[in-house]
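Structure, as structure tokens:
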Amino acid sequence: MKVLLPGGAGYIGSHTCVELINAGHEAVILDNFSNSCAEAVARIEEITGKKIPLYNADACDPEAVEKVFSENKIDAVIHFAGYKAVGESCEKPLMYYRNNLDSALTVLEAMKRHGVSNFIFSSSATVYGTPESVPLVETMPTGSPTNPYGRTKLMLEQILTDAAAADNNLSVVLLRYFNPIGAHESGRIGEDPNGIPNNLMPYITQVAAGRLPRLGVFGNDYPTPDGTGIRDYIHVVDLAKGHVKALDYAAEHKGSEIFNLGTGTGYSVLDIVNAFIKVNKVDIPYDIKPRRAGDIAECFADPAKAEKVLGWKAEKSLEDMCYDSWNWQSKNKNGYKS
Ligand code: NAD
Ligand code: UD1
């Protein structure tokens, strides 16, 4: 299939692009580089040996999106485009609602005009809100995300479910990601956040690289075995492969379906720090800090549905995740700028 990837130059999109090509698909990337750069696409081409058509354009721009659909016979869309910084979404909610909602709606409208019927969406475990119990199962009710970013994901899940219900041709797959970390084994593509990272693994790798002095561990008084927060960290290459399976599924089904993409195993902040130190033989000095507002104690997936229905299961270990995260960061000290 020829697959359009809005936001395909970003962290998850770039890894998914590689896996799509490995699986024999073709990819077209549309990205405005608001949180990425063209170098990421050059590196995808280097890894795959394939030239990737690239549109430097805003997915909210109907004319630019129309141009992509007119110039390429697109079979499916995997929509990564969106802003994702939780704190920033609280400061600039309108910017988040405009970009995240409008980009998806603009692409969906173009799909309709061009008779393209498969849409895969990057959702998030954040739609579960504060879980009443773990593991999280897709049938559990969605909760109240604590920030505008999370609400854009919940709103888009609802919009996409409505769109699929109203259009017999449309197939929508909502992928609820847990916590992607790691990088491609080549060390040529990886996560390259702007400014000081908000998320745990890029913070750890920047401490290891000497770009940041110490890690702050946000709270050690949660009701978890070591007191630090527990999450379901998943290797980004496993996550990327989940998109390839979701694409196959979308091509064969109509309507909308939701899948958790997680490993089913929760690790604490200190589990991650200790595994990183052990695997990479580097020091990660850290201080215990107060809890971060909006954080939950524990969040991990029940990934059984994805295994049963998609035939997908995460395969990489915590050690692989720590090794590949550091392999990327140590070879690219300043991300794509180095
Ligand atoms: P990312 O920021 O690396 O990638 C998003 C890409 O979209 C970037 O390349 C950015 O330049 C592009 N983009 C943003 N707005 C655009 C627009 N209007 N037009 C064109 N391009 C645009 O983020 P990521 O980590 O790769 O995440 C991909 C998607 O998955 C996002 O929607 C994110 O919210 C979602 N998600 C990510 C995580 C995570 O932990 N990384 C977890 C759950 C969900
Ligand atoms: C966060 C977002 C979530 C988003 C996800 C991926 C919040 C409340 N949630 O999830 O909406 O989908 O990122 O972008 O921001 N930690 C530290 N020190 C740090 C950074 C993190 O101790 O410097 C801890 C956190 O308290 C948490 C764990 O590490 O227990 C993971 O944090 P993070 O990587 O930010 O992911 P989430 O909070 O799960």
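We label chains A, B, ... in the order they appear in the structure tokens, count residues from 1 in each chain, and number ligands from 1 in the order shown.
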Find the residues near Asp226 of chain A: any atom within 8 Å, counting only C-alpha atoms, skip ones fewer than 5 places away on the same chain, and give them as an MDAnalysis selection string. chainID A and resid 220 268 270
Excluding Gly143 of chain A and its own-chain neighbours fewer than 2 positions away, which residues fall within 10 Å of it when counting only C-alpha atoms? Please give them as a ChimeraX atom specification. /A:126-132,140-141,145-146,151,154
Report as a tab-separated table the residues of segment 35-125 of chain A within 8 Å of segment 9-26 of chain A, each with its shortest atom pair and distance in Å (one decimal), using only C-alpha atoms, ordered by chain and increasing residue number.
residue	atom	partner	partner_atom	distance
A:Asn35	CA	A:Gly10	CA	6.9
A:Ser36	CA	A:Gly10	CA	5.4
A:Cys37	CA	A:Ala9	CA	6.7
A:Ala38	CA	A:Ala9	CA	7.1
A:Ala40	CA	A:Ala9	CA	5.9
A:Val41	CA	A:Ala9	CA	5.9
A:Ile44	CA	A:Val18	CA	6.3
A:Ile47	CA	A:Val18	CA	7.5
A:Thr48	CA	A:Val18	CA	6.4
A:Phe80	CA	A:Gly13	CA	6.3
Output file for the residues above (N, CA, C and O atoms, as a tab-separated table (two decimals), in the first residue's frame):
chain	number	residue	atom	x	y	z
A	35	ASN	N	8.27	20.01	15.00
A	35	ASN	CA	9.00	19.31	16.08
A	35	ASN	C	9.91	18.24	15.50
A	35	ASN	O	10.10	17.18	16.10
A	36	SER	N	10.46	18.49	14.33
A	36	SER	CA	11.35	17.51	13.69
A	36	SER	C	12.14	18.24	12.61
A	36	SER	O	12.08	19.46	12.52
A	37	CYS	N	12.86	17.49	11.78
A	37	CYS	CA	13.65	18.14	10.74
A	37	CYS	C	13.82	17.19	9.55
A	37	CYS	O	13.63	15.97	9.68
A	38	ALA	N	14.19	17.78	8.42
A	38	ALA	CA	14.32	17.00	7.19
A	38	ALA	C	15.42	15.95	7.30
A	38	ALA	O	15.38	14.92	6.62
A	40	ALA	N	15.84	13.84	9.54
A	40	ALA	CA	15.25	12.55	9.96
A	40	ALA	C	14.81	11.76	8.73
A	40	ALA	O	14.99	10.54	8.67
A	41	VAL	N	14.26	12.47	7.75
A	41	VAL	CA	13.79	11.78	6.54
A	41	VAL	C	15.00	11.28	5.73
A	41	VAL	O	14.98	10.17	5.19
A	44	ILE	N	15.99	8.11	7.29
A	44	ILE	CA	15.09	6.99	6.94
A	44	ILE	C	15.51	6.45	5.56
A	44	ILE	O	15.58	5.23	5.35
A	47	ILE	N	18.61	4.37	5.90
A	47	ILE	CA	18.37	3.04	6.51
A	47	ILE	C	17.69	2.11	5.50
A	47	ILE	O	18.03	0.93	5.41
A	48	THR	N	16.71	2.64	4.77
A	48	THR	CA	15.88	1.77	3.92
A	48	THR	C	16.40	1.67	2.49
A	48	THR	O	15.98	0.77	1.75
A	80	PHE	N	0.24	10.96	12.49
A	80	PHE	CA	1.06	11.26	13.67
A	80	PHE	C	1.07	12.75	13.98
A	80	PHE	O	1.50	13.14	15.07
Between A:Ser123, A:Thr265, A:Asn194, A:Ser338, which has the minimum distance to Ser34 of chain A (counting only C-alpha atoms)?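 Distance minimum relative to Ser34 of chain A lands on A:Asn194.
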Please provide as a ChimeraX atom specification all residues within 9 Å of Asp324 of chain A, with the sequence filter that same-chain residues fewer than 3 positions apart are discarded (counting only C-alpha atoms). /A:181-187,190,235,319-321,327-329
Would you save the residues of that selection, restricted to all heavy atoms, as a JSON list (two decimals), in the first residue's frame?
[["chain", "number", "residue", "atom", "x", "y", "z"],
["A", 181, "ILE", "N", 9.83, 4.32, 24.08],
["A", 181, "ILE", "CA", 11.23, 4.73, 24.30],
["A", 181, "ILE", "C", 12.10, 3.90, 23.34],
["A", 181, "ILE", "O", 11.58, 3.10, 22.58],
["A", 181, "ILE", "CB", 11.69, 4.56, 25.77],
["A", 181, "ILE", "CG1", 11.55, 3.12, 26.24],
["A", 181, "ILE", "CG2", 10.91, 5.50, 26.69],
["A", 181, "ILE", "CD1", 12.17, 2.85, 27.63],
["A", 182, "GLY", "N", 13.41, 4.09, 23.40],
["A", 182, "GLY", "CA", 14.29, 3.34, 22.52],
["A", 182, "GLY", "C", 14.44, 4.03, 21.17],
["A", 182, "GLY", "O", 13.92, 5.14, 20.95],
["A", 183, "ALA", "N", 15.14, 3.37, 20.28],
["A", 183, "ALA", "CA", 15.44, 3.95, 18.98],
["A", 183, "ALA", "C", 15.78, 2.82, 18.03],
["A", 183, "ALA", "O", 16.02, 1.68, 18.46],
["A", 183, "ALA", "CB", 16.62, 4.91, 19.09],
["A", 184, "HIS", "N", 15.85, 3.15, 16.74],
["A", 184, "HIS", "CA", 16.24, 2.14, 15.75],
["A", 184, "HIS", "C", 17.64, 1.62, 16.07],
["A", 184, "HIS", "O", 18.50, 2.38, 16.51],
["A", 184, "HIS", "CB", 16.22, 2.77, 14.35],
["A", 184, "HIS", "CG", 16.38, 1.77, 13.25],
["A", 184, "HIS", "ND1", 17.59, 1.53, 12.64],
["A", 184, "HIS", "CD2", 15.49, 0.93, 12.70],
["A", 184, "HIS", "CE1", 17.43, 0.58, 11.73],
["A", 184, "HIS", "NE2", 16.17, 0.20, 11.74],
["A", 185, "GLU", "N", 17.85, 0.33, 15.83],
["A", 185, "GLU", "CA", 19.12, -0.29, 16.25],
["A", 185, "GLU", "C", 20.33, 0.32, 15.54],
["A", 185, "GLU", "O", 21.46, 0.21, 16.04],
["A", 185, "GLU", "CB", 19.08, -1.81, 16.02],
["A", 185, "GLU", "CG", 18.91, -2.19, 14.57],
["A", 185, "GLU", "CD", 18.85, -3.70, 14.34],
["A", 185, "GLU", "OE1", 18.81, -4.45, 15.32],
["A", 185, "GLU", "OE2", 18.85, -4.10, 13.16],
["A", 186, "SER", "N", 20.13, 0.96, 14.41],
["A", 186, "SER", "CA", 21.25, 1.59, 13.70],
["A", 186, "SER", "C", 21.79, 2.80, 14.46],
["A", 186, "SER", "O", 22.91, 3.25, 14.21],
["A", 186, "SER", "CB", 20.79, 2.07, 12.32],
["A", 186, "SER", "OG", 19.78, 3.06, 12.48],
["A", 187, "GLY", "N", 20.96, 3.37, 15.35],
["A", 187, "GLY", "CA", 21.36, 4.61, 16.03],
["A", 187, "GLY", "C", 21.27, 5.83, 15.11],
["A", 187, "GLY", "O", 21.77, 6.90, 15.44],
["A", 190, "GLY", "N", 15.98, 8.52, 16.10],
["A", 190, "GLY", "CA", 15.62, 8.39, 17.51],
["A", 190, "GLY", "C", 14.84, 9.61, 17.95],
["A", 190, "GLY", "O", 14.44, 10.44, 17.12],
["A", 235, "HIS", "N", 9.30, -0.45, 23.35],
["A", 235, "HIS", "CA", 10.33, -0.08, 22.37],
["A", 235, "HIS", "C", 9.64, 0.50, 21.13],
["A", 235, "HIS", "O", 8.68, -0.07, 20.61],
["A", 235, "HIS", "CB", 11.15, -1.32, 21.98],
["A", 235, "HIS", "CG", 12.44, -0.97, 21.31],
["A", 235, "HIS", "ND1", 12.50, -0.36, 20.07],
["A", 235, "HIS", "CD2", 13.73, -1.12, 21.71],
["A", 235, "HIS", "CE1", 13.77, -0.18, 19.73],
["A", 235, "HIS", "NE2", 14.54, -0.62, 20.71],
["A", 319, "GLU", "N", 16.09, -4.10, 28.59],
["A", 319, "GLU", "CA", 17.52, -3.89, 28.30],
["A", 319, "GLU", "C", 17.71, -3.37, 26.86],
["A", 319, "GLU", "O", 18.51, -2.46, 26.63],
["A", 319, "GLU", "CB", 18.30, -5.22, 28.48],
["A", 319, "GLU", "CG", 18.48, -5.63, 29.93],
["A", 319, "GLU", "CD", 17.20, -6.06, 30.64],
["A", 319, "GLU", "OE1", 16.27, -6.58, 29.97],
["A", 319, "GLU", "OE2", 17.11, -5.86, 31.88],
["A", 320, "ASP", "N", 16.94, -3.94, 25.92],
["A", 320, "ASP", "CA", 17.01, -3.44, 24.52],
["A", 320, "ASP", "C", 16.64, -1.96, 24.48],
["A", 320, "ASP", "O", 17.27, -1.16, 23.77],
["A", 320, "ASP", "CB", 16.01, -4.17, 23.62],
["A", 320, "ASP", "CG", 16.29, -5.66, 23.47],
["A", 320, "ASP", "OD1", 17.47, -6.04, 23.56],
["A", 320, "ASP", "OD2", 15.32, -6.43, 23.28],
["A", 321, "MET", "N", 15.59, -1.61, 25.23],
["A", 321, "MET", "CA", 15.12, -0.21, 25.20],
["A", 321, "MET", "C", 16.20, 0.73, 25.73],
["A", 321, "MET", "O", 16.46, 1.79, 25.16],
["A", 321, "MET", "CB", 13.84, -0.05, 26.04],
["A", 321, "MET", "CG", 12.69, -0.90, 25.56],
["A", 321, "MET", "SD", 11.17, -0.52, 26.47],
["A", 321, "MET", "CE", 10.53, -2.15, 26.79],
["A", 327, "ASN", "N", 22.36, 4.18, 22.61],
["A", 327, "ASN", "CA", 23.07, 4.05, 21.33],
["A", 327, "ASN", "C", 22.76, 5.26, 20.44],
["A", 327, "ASN", "O", 23.66, 5.87, 19.85],
["A", 327, "ASN", "CB", 22.63, 2.75, 20.64],
["A", 327, "ASN", "CG", 23.39, 2.47, 19.37],
["A", 327, "ASN", "OD1", 24.62, 2.64, 19.32],
["A", 327, "ASN", "ND2", 22.68, 2.06, 18.33],
["A", 328, "TRP", "N", 21.48, 5.62, 20.38],
["A", 328, "TRP", "CA", 21.06, 6.80, 19.58],
["A", 328, "TRP", "C", 21.66, 8.07, 20.17],
["A", 328, "TRP", "O", 22.29, 8.86, 19.48],
["A", 328, "TRP", "CB", 19.54, 6.87, 19.53],
["A", 328, "TRP", "CG", 18.96, 8.25, 19.38],
["A", 328, "TRP", "CD1", 18.32, 8.97, 20.35],
["A", 328, "TRP", "CD2", 18.98, 9.09, 18.22],
["A", 328, "TRP", "NE1", 17.93, 10.19, 19.85],
["A", 328, "TRP", "CE2", 18.33, 10.29, 18.55],
["A", 328, "TRP", "CE3", 19.49, 8.95, 16.92],
["A", 328, "TRP", "CZ2", 18.17, 11.35, 17.65],
["A", 328, "TRP", "CZ3", 19.33, 10.00, 16.02],
["A", 328, "TRP", "CH2", 18.68, 11.17, 16.39],
["A", 329, "GLN", "N", 21.46, 8.29, 21.49],
["A", 329, "GLN", "CA", 21.89, 9.55, 22.10],
["A", 329, "GLN", "C", 23.41, 9.70, 22.07],
["A", 329, "GLN", "O", 23.93, 10.78, 21.80],
["A", 329, "GLN", "CB", 21.38, 9.63, 23.54],
["A", 329, "GLN", "CG", 21.72, 10.92, 24.24],
["A", 329, "GLN", "CD", 20.87, 12.08, 23.78],
["A", 329, "GLN", "OE1", 19.73, 12.20, 24.16],
["A", 329, "GLN", "NE2", 21.43, 12.94, 22.95]]
Could you give me, as an MDAnalysis selection string, every polymer residue with an atom at most 8 Å away from an atom of ligand 2, counting only C-alpha atoms and all ligand atoms? chainID A and resid 84:87 124:126 145:147 149:150 177:180 197:201 203:204 215:219 228:231 268:269 289 291:299
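Neighbours of Arg211 of chain A closer than or equal to 9 Å, with only C-alpha atoms counted and sequence neighbours fewer than 6 positions away skipped, come out as Thr205, Lys333 and Asn334 of chain A.
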Residue among A:Ala240, A:Ala42, A:Ala81, A:Ile74 lying closest to ligand 1, counting only C-alpha atoms and all ligand atoms: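 Smallest separation from ligand 1 among the options: A:Ala81.
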To one decimal in Å, tell me the separation between atom 2 (O, counted along the ligand's line) of ligand 1 and atom CA of Ser122 of chain A.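 Between atom 2 (O, counted along the ligand's line) of ligand 1 and atom CA of Ser122 of chain A the gap works out to 11.3 Å.
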Counting only C-alpha atoms and all ligand atoms, the residue of A:Cys322, A:Leu136, A:Ala208, A:Met95 that sits nearest ligand 1: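 Once distances to ligand 1 are computed over only C-alpha atoms and all ligand atoms, the minimum belongs to A:Met95.
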Which of these, A:Tyr336, A:Tyr286, A:Tyr83, A:Trp326, has the shortest distance to ligand 1 once you count only C-alpha atoms and all ligand atoms? A:Tyr83
What parts of segment 260-301 of chain A does DSSP call alpha helix (DSSP H)? I'd like the answer as a ChimeraX atom specification. /A:269-280
Report as a tab-separated table: every residue of segment 150-176 of chain A with an atom at most 9 Å from segment 96-117 of chain A, its closest pair of atoms, and their distance in Å to one decimal, counting only C-alpha atoms, with rows sorted by chain and ascending residue number.
residue	atom	partner	partner_atom	distance
A:Arg151	CA	A:Tyr97	CA	8.6
A:Thr152	CA	A:Tyr97	CA	6.1
A:Lys153	CA	A:Asn100	CA	8.2
A:Met155	CA	A:Leu101	CA	8.1
A:Leu156	CA	A:Leu101	CA	6.7
A:Ile159	CA	A:Leu105	CA	8.9
A:Asn169	CA	A:Ser117	CA	5.9
A:Leu170	CA	A:Ser117	CA	4.6
A:Ser171	CA	A:Ser117	CA	5.8
A:Val172	CA	A:Ser117	CA	8.2
Could you please take those selected residues and save all heavy atoms as an mmCIF file, in the first residue's frame?
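Saved as out-v9.cif:
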data_model
loop_
_atom_site.group_PDB
_atom_site.id
_atom_site.type_symbol
_atom_site.label_atom_id
_atom_site.label_comp_id
_atom_site.auth_asym_id
_atom_site.auth_seq_id
_atom_site.Cartn_x
_atom_site.Cartn_y
_atom_site.Cartn_z
ATOM 1 N N ARG A 151 -6.942 15.840 26.150
ATOM 2 C CA ARG A 151 -8.322 16.017 25.665
ATOM 3 C C ARG A 151 -8.394 16.036 24.145
ATOM 4 O O ARG A 151 -9.376 15.585 23.564
ATOM 5 C CB ARG A 151 -8.948 17.272 26.294
ATOM 6 C CG ARG A 151 -9.360 17.022 27.752
ATOM 7 C CD ARG A 151 -10.184 18.155 28.329
ATOM 8 N NE ARG A 151 -9.372 19.257 28.803
ATOM 9 C CZ ARG A 151 -8.777 19.303 30.011
ATOM 10 N NH1 ARG A 151 -8.923 18.318 30.869
ATOM 11 N NH2 ARG A 151 -8.052 20.347 30.348
ATOM 12 N N THR A 152 -7.331 16.524 23.481
ATOM 13 C CA THR A 152 -7.372 16.461 21.998
ATOM 14 C C THR A 152 -7.414 15.000 21.546
ATOM 15 O O THR A 152 -8.060 14.671 20.562
ATOM 16 C CB THR A 152 -6.165 17.171 21.317
ATOM 17 O OG1 THR A 152 -4.949 16.472 21.573
ATOM 18 C CG2 THR A 152 -6.051 18.630 21.736
ATOM 19 N N LYS A 153 -6.724 14.128 22.276
ATOM 20 C CA LYS A 153 -6.709 12.707 21.891
ATOM 21 C C LYS A 153 -8.097 12.097 22.096
ATOM 22 O O LYS A 153 -8.595 11.359 21.254
ATOM 23 C CB LYS A 153 -5.669 11.934 22.708
ATOM 24 C CG LYS A 153 -4.239 12.334 22.421
ATOM 25 C CD LYS A 153 -3.825 11.975 21.011
ATOM 26 C CE LYS A 153 -2.455 12.483 20.655
ATOM 27 N NZ LYS A 153 -2.181 12.478 19.217
ATOM 28 N N MET A 155 -10.975 13.708 22.220
ATOM 29 C CA MET A 155 -11.910 14.299 21.242
ATOM 30 C C MET A 155 -11.729 13.649 19.880
ATOM 31 O O MET A 155 -12.699 13.333 19.197
ATOM 32 C CB MET A 155 -11.652 15.804 21.104
ATOM 33 C CG MET A 155 -12.151 16.589 22.283
ATOM 34 S SD MET A 155 -11.689 18.322 22.058
ATOM 35 C CE MET A 155 -12.158 18.956 23.652
ATOM 36 N N LEU A 156 -10.493 13.457 19.471
ATOM 37 C CA LEU A 156 -10.260 12.861 18.150
ATOM 38 C C LEU A 156 -10.727 11.412 18.111
ATOM 39 O O LEU A 156 -11.250 10.961 17.094
ATOM 40 C CB LEU A 156 -8.787 12.988 17.751
ATOM 41 C CG LEU A 156 -8.477 14.377 17.188
ATOM 42 C CD1 LEU A 156 -6.991 14.664 17.182
ATOM 43 C CD2 LEU A 156 -9.041 14.532 15.762
ATOM 44 N N ILE A 159 -14.390 11.872 17.502
ATOM 45 C CA ILE A 159 -14.646 12.354 16.136
ATOM 46 C C ILE A 159 -14.460 11.210 15.137
ATOM 47 O O ILE A 159 -15.287 10.989 14.240
ATOM 48 C CB ILE A 159 -13.682 13.523 15.805
ATOM 49 C CG1 ILE A 159 -14.067 14.772 16.612
ATOM 50 C CG2 ILE A 159 -13.664 13.812 14.308
ATOM 51 C CD1 ILE A 159 -13.025 15.892 16.581
ATOM 52 N N ASN A 169 -17.631 3.215 4.179
ATOM 53 C CA ASN A 169 -16.355 2.886 3.532
ATOM 54 C C ASN A 169 -15.159 3.101 4.445
ATOM 55 O O ASN A 169 -14.064 2.648 4.140
ATOM 56 C CB ASN A 169 -16.148 3.768 2.293
ATOM 57 C CG ASN A 169 -17.053 3.308 1.177
ATOM 58 O OD1 ASN A 169 -17.221 2.103 0.984
ATOM 59 N ND2 ASN A 169 -17.655 4.250 0.484
ATOM 60 N N LEU A 170 -15.384 3.843 5.520
ATOM 61 C CA LEU A 170 -14.239 4.261 6.324
ATOM 62 C C LEU A 170 -13.814 3.189 7.336
ATOM 63 O O LEU A 170 -14.659 2.568 7.985
ATOM 64 C CB LEU A 170 -14.579 5.565 7.069
ATOM 65 C CG LEU A 170 -13.432 6.292 7.765
ATOM 66 C CD1 LEU A 170 -12.322 6.672 6.792
ATOM 67 C CD2 LEU A 170 -13.948 7.560 8.461
ATOM 68 N N SER A 171 -12.522 3.008 7.435
ATOM 69 C CA SER A 171 -11.965 2.109 8.443
ATOM 70 C C SER A 171 -11.004 2.919 9.312
ATOM 71 O O SER A 171 -10.050 3.514 8.803
ATOM 72 C CB SER A 171 -11.214 0.977 7.746
ATOM 73 O OG SER A 171 -10.582 0.185 8.700
ATOM 74 N N VAL A 172 -11.281 2.957 10.607
ATOM 75 C CA VAL A 172 -10.482 3.748 11.543
ATOM 76 C C VAL A 172 -9.869 2.817 12.586
ATOM 77 O O VAL A 172 -10.578 1.988 13.165
ATOM 78 C CB VAL A 172 -11.378 4.800 12.242
ATOM 79 C CG1 VAL A 172 -10.702 5.349 13.483
ATOM 80 C CG2 VAL A 172 -11.727 5.940 11.295
#
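Near Val3 of chain A, within a cut-off of 7 Å and counting only C-alpha atoms, sit the residues Glu26, Ala27, Val28, Ile74, Asp75, Ala76 and Val77 of chain A, with same-chain residues fewer than 5 positions away left out.
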Which of these, A:Gly262, A:Gly255, A:Pro303, A:Pro213, has the shortest distance to Val237 of chain A once you count only C-alpha atoms?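 Comparing A:Gly262, A:Gly255, A:Pro303, A:Pro213 against Val237 of chain A, the winner is A:Gly262.
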Which neighbours of Leu247 of chain A fall inside 9 Å, counting only C-alpha atoms, when residues of the same chain fewer than 4 positions from it are skipped, and could you give them as a list in words?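 In the requested format, the answer is Met1, Ala76, Val77, Ile78, Asn118, Phe119, Ile120, Val173, Gly242, His243, Ala251 and Glu252 of chain A.
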Save out the residues we just selected, N, CA, C and O atoms, as a PDB file, in the first residue's frame.
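What ended up in part-v8.pdb:
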ATOM      1  N   MET A   1       0.841  -1.203   0.000  1.00  0.00           N
ATOM      2  CA  MET A   1       0.000   0.000   0.000  1.00  0.00           C
ATOM      3  C   MET A   1       0.875   1.252   0.000  1.00  0.00           C
ATOM      4  O   MET A   1       1.991   1.231   0.526  1.00  0.00           O
ATOM      5  N   ALA A  76      -3.813   4.657   2.290  1.00  0.00           N
ATOM      6  CA  ALA A  76      -4.083   4.701   3.730  1.00  0.00           C
ATOM      7  C   ALA A  76      -3.299   5.861   4.345  1.00  0.00           C
ATOM      8  O   ALA A  76      -2.303   6.315   3.778  1.00  0.00           O
ATOM      9  N   VAL A  77      -3.777   6.305   5.509  1.00  0.00           N
ATOM     10  CA  VAL A  77      -3.097   7.386   6.243  1.00  0.00           C
ATOM     11  C   VAL A  77      -2.788   6.897   7.654  1.00  0.00           C
ATOM     12  O   VAL A  77      -3.653   6.286   8.305  1.00  0.00           O
ATOM     13  N   ILE A  78      -1.583   7.142   8.105  1.00  0.00           N
ATOM     14  CA  ILE A  78      -1.274   6.954   9.531  1.00  0.00           C
ATOM     15  C   ILE A  78      -0.947   8.350  10.058  1.00  0.00           C
ATOM     16  O   ILE A  78       0.065   8.951   9.668  1.00  0.00           O
ATOM     17  N   ASN A 118      -8.738   4.207   4.707  1.00  0.00           N
ATOM     18  CA  ASN A 118      -8.068   3.631   5.884  1.00  0.00           C
ATOM     19  C   ASN A 118      -7.321   4.707   6.667  1.00  0.00           C
ATOM     20  O   ASN A 118      -6.414   5.349   6.126  1.00  0.00           O
ATOM     21  N   PHE A 119      -7.699   4.876   7.941  1.00  0.00           N
ATOM     22  CA  PHE A 119      -7.091   5.931   8.772  1.00  0.00           C
ATOM     23  C   PHE A 119      -6.646   5.334  10.102  1.00  0.00           C
ATOM     24  O   PHE A 119      -7.456   4.785  10.855  1.00  0.00           O
ATOM     25  N   ILE A 120      -5.375   5.459  10.373  1.00  0.00           N
ATOM     26  CA  ILE A 120      -4.833   4.957  11.652  1.00  0.00           C
ATOM     27  C   ILE A 120      -4.376   6.156  12.468  1.00  0.00           C
ATOM     28  O   ILE A 120      -3.686   7.037  11.945  1.00  0.00           O
ATOM     29  N   VAL A 173      -8.580   2.945  12.810  1.00  0.00           N
ATOM     30  CA  VAL A 173      -7.939   2.195  13.895  1.00  0.00           C
ATOM     31  C   VAL A 173      -7.322   3.202  14.861  1.00  0.00           C
ATOM     32  O   VAL A 173      -6.504   4.038  14.465  1.00  0.00           O
ATOM     33  N   GLY A 242       3.554  -2.418  15.240  1.00  0.00           N
ATOM     34  CA  GLY A 242       2.112  -2.463  15.527  1.00  0.00           C
ATOM     35  C   GLY A 242       1.310  -1.689  14.490  1.00  0.00           C
ATOM     36  O   GLY A 242       0.188  -2.068  14.141  1.00  0.00           O
ATOM     37  N   HIS A 243       1.907  -0.598  13.965  1.00  0.00           N
ATOM     38  CA  HIS A 243       1.213   0.181  12.927  1.00  0.00           C
ATOM     39  C   HIS A 243       1.084  -0.606  11.624  1.00  0.00           C
ATOM     40  O   HIS A 243       0.095  -0.473  10.910  1.00  0.00           O
ATOM     41  N   ALA A 251      -7.233  -2.484   6.265  1.00  0.00           N
ATOM     42  CA  ALA A 251      -7.524  -2.788   4.856  1.00  0.00           C
ATOM     43  C   ALA A 251      -8.596  -3.867   4.732  1.00  0.00           C
ATOM     44  O   ALA A 251      -9.264  -3.965   3.707  1.00  0.00           O
ATOM     45  N   GLU A 252      -8.758  -4.673   5.767  1.00  0.00           N
ATOM     46  CA  GLU A 252      -9.702  -5.806   5.685  1.00  0.00           C
ATOM     47  C   GLU A 252     -10.995  -5.586   6.451  1.00  0.00           C
ATOM     48  O   GLU A 252     -11.872  -6.441   6.435  1.00  0.00           O
TER      49      GLU A 252
END
Of the candidates A:Val137, A:Ile52, A:Leu160, A:Leu239, which shows the shortest atom-to-atom distance to ligand 1, using only C-alpha atoms and all ligand atoms?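 Looking only at the distances to ligand 1, the closest residue turns out to be A:Leu239.
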When you draw a straight line from atom CA of Phe276 of chain A to atom CA of Arg214 of chain A, how long is it in Å?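 Atom CA of Arg214 of chain A lies at a distance of 14.3 Å from atom CA of Phe276 of chain A.
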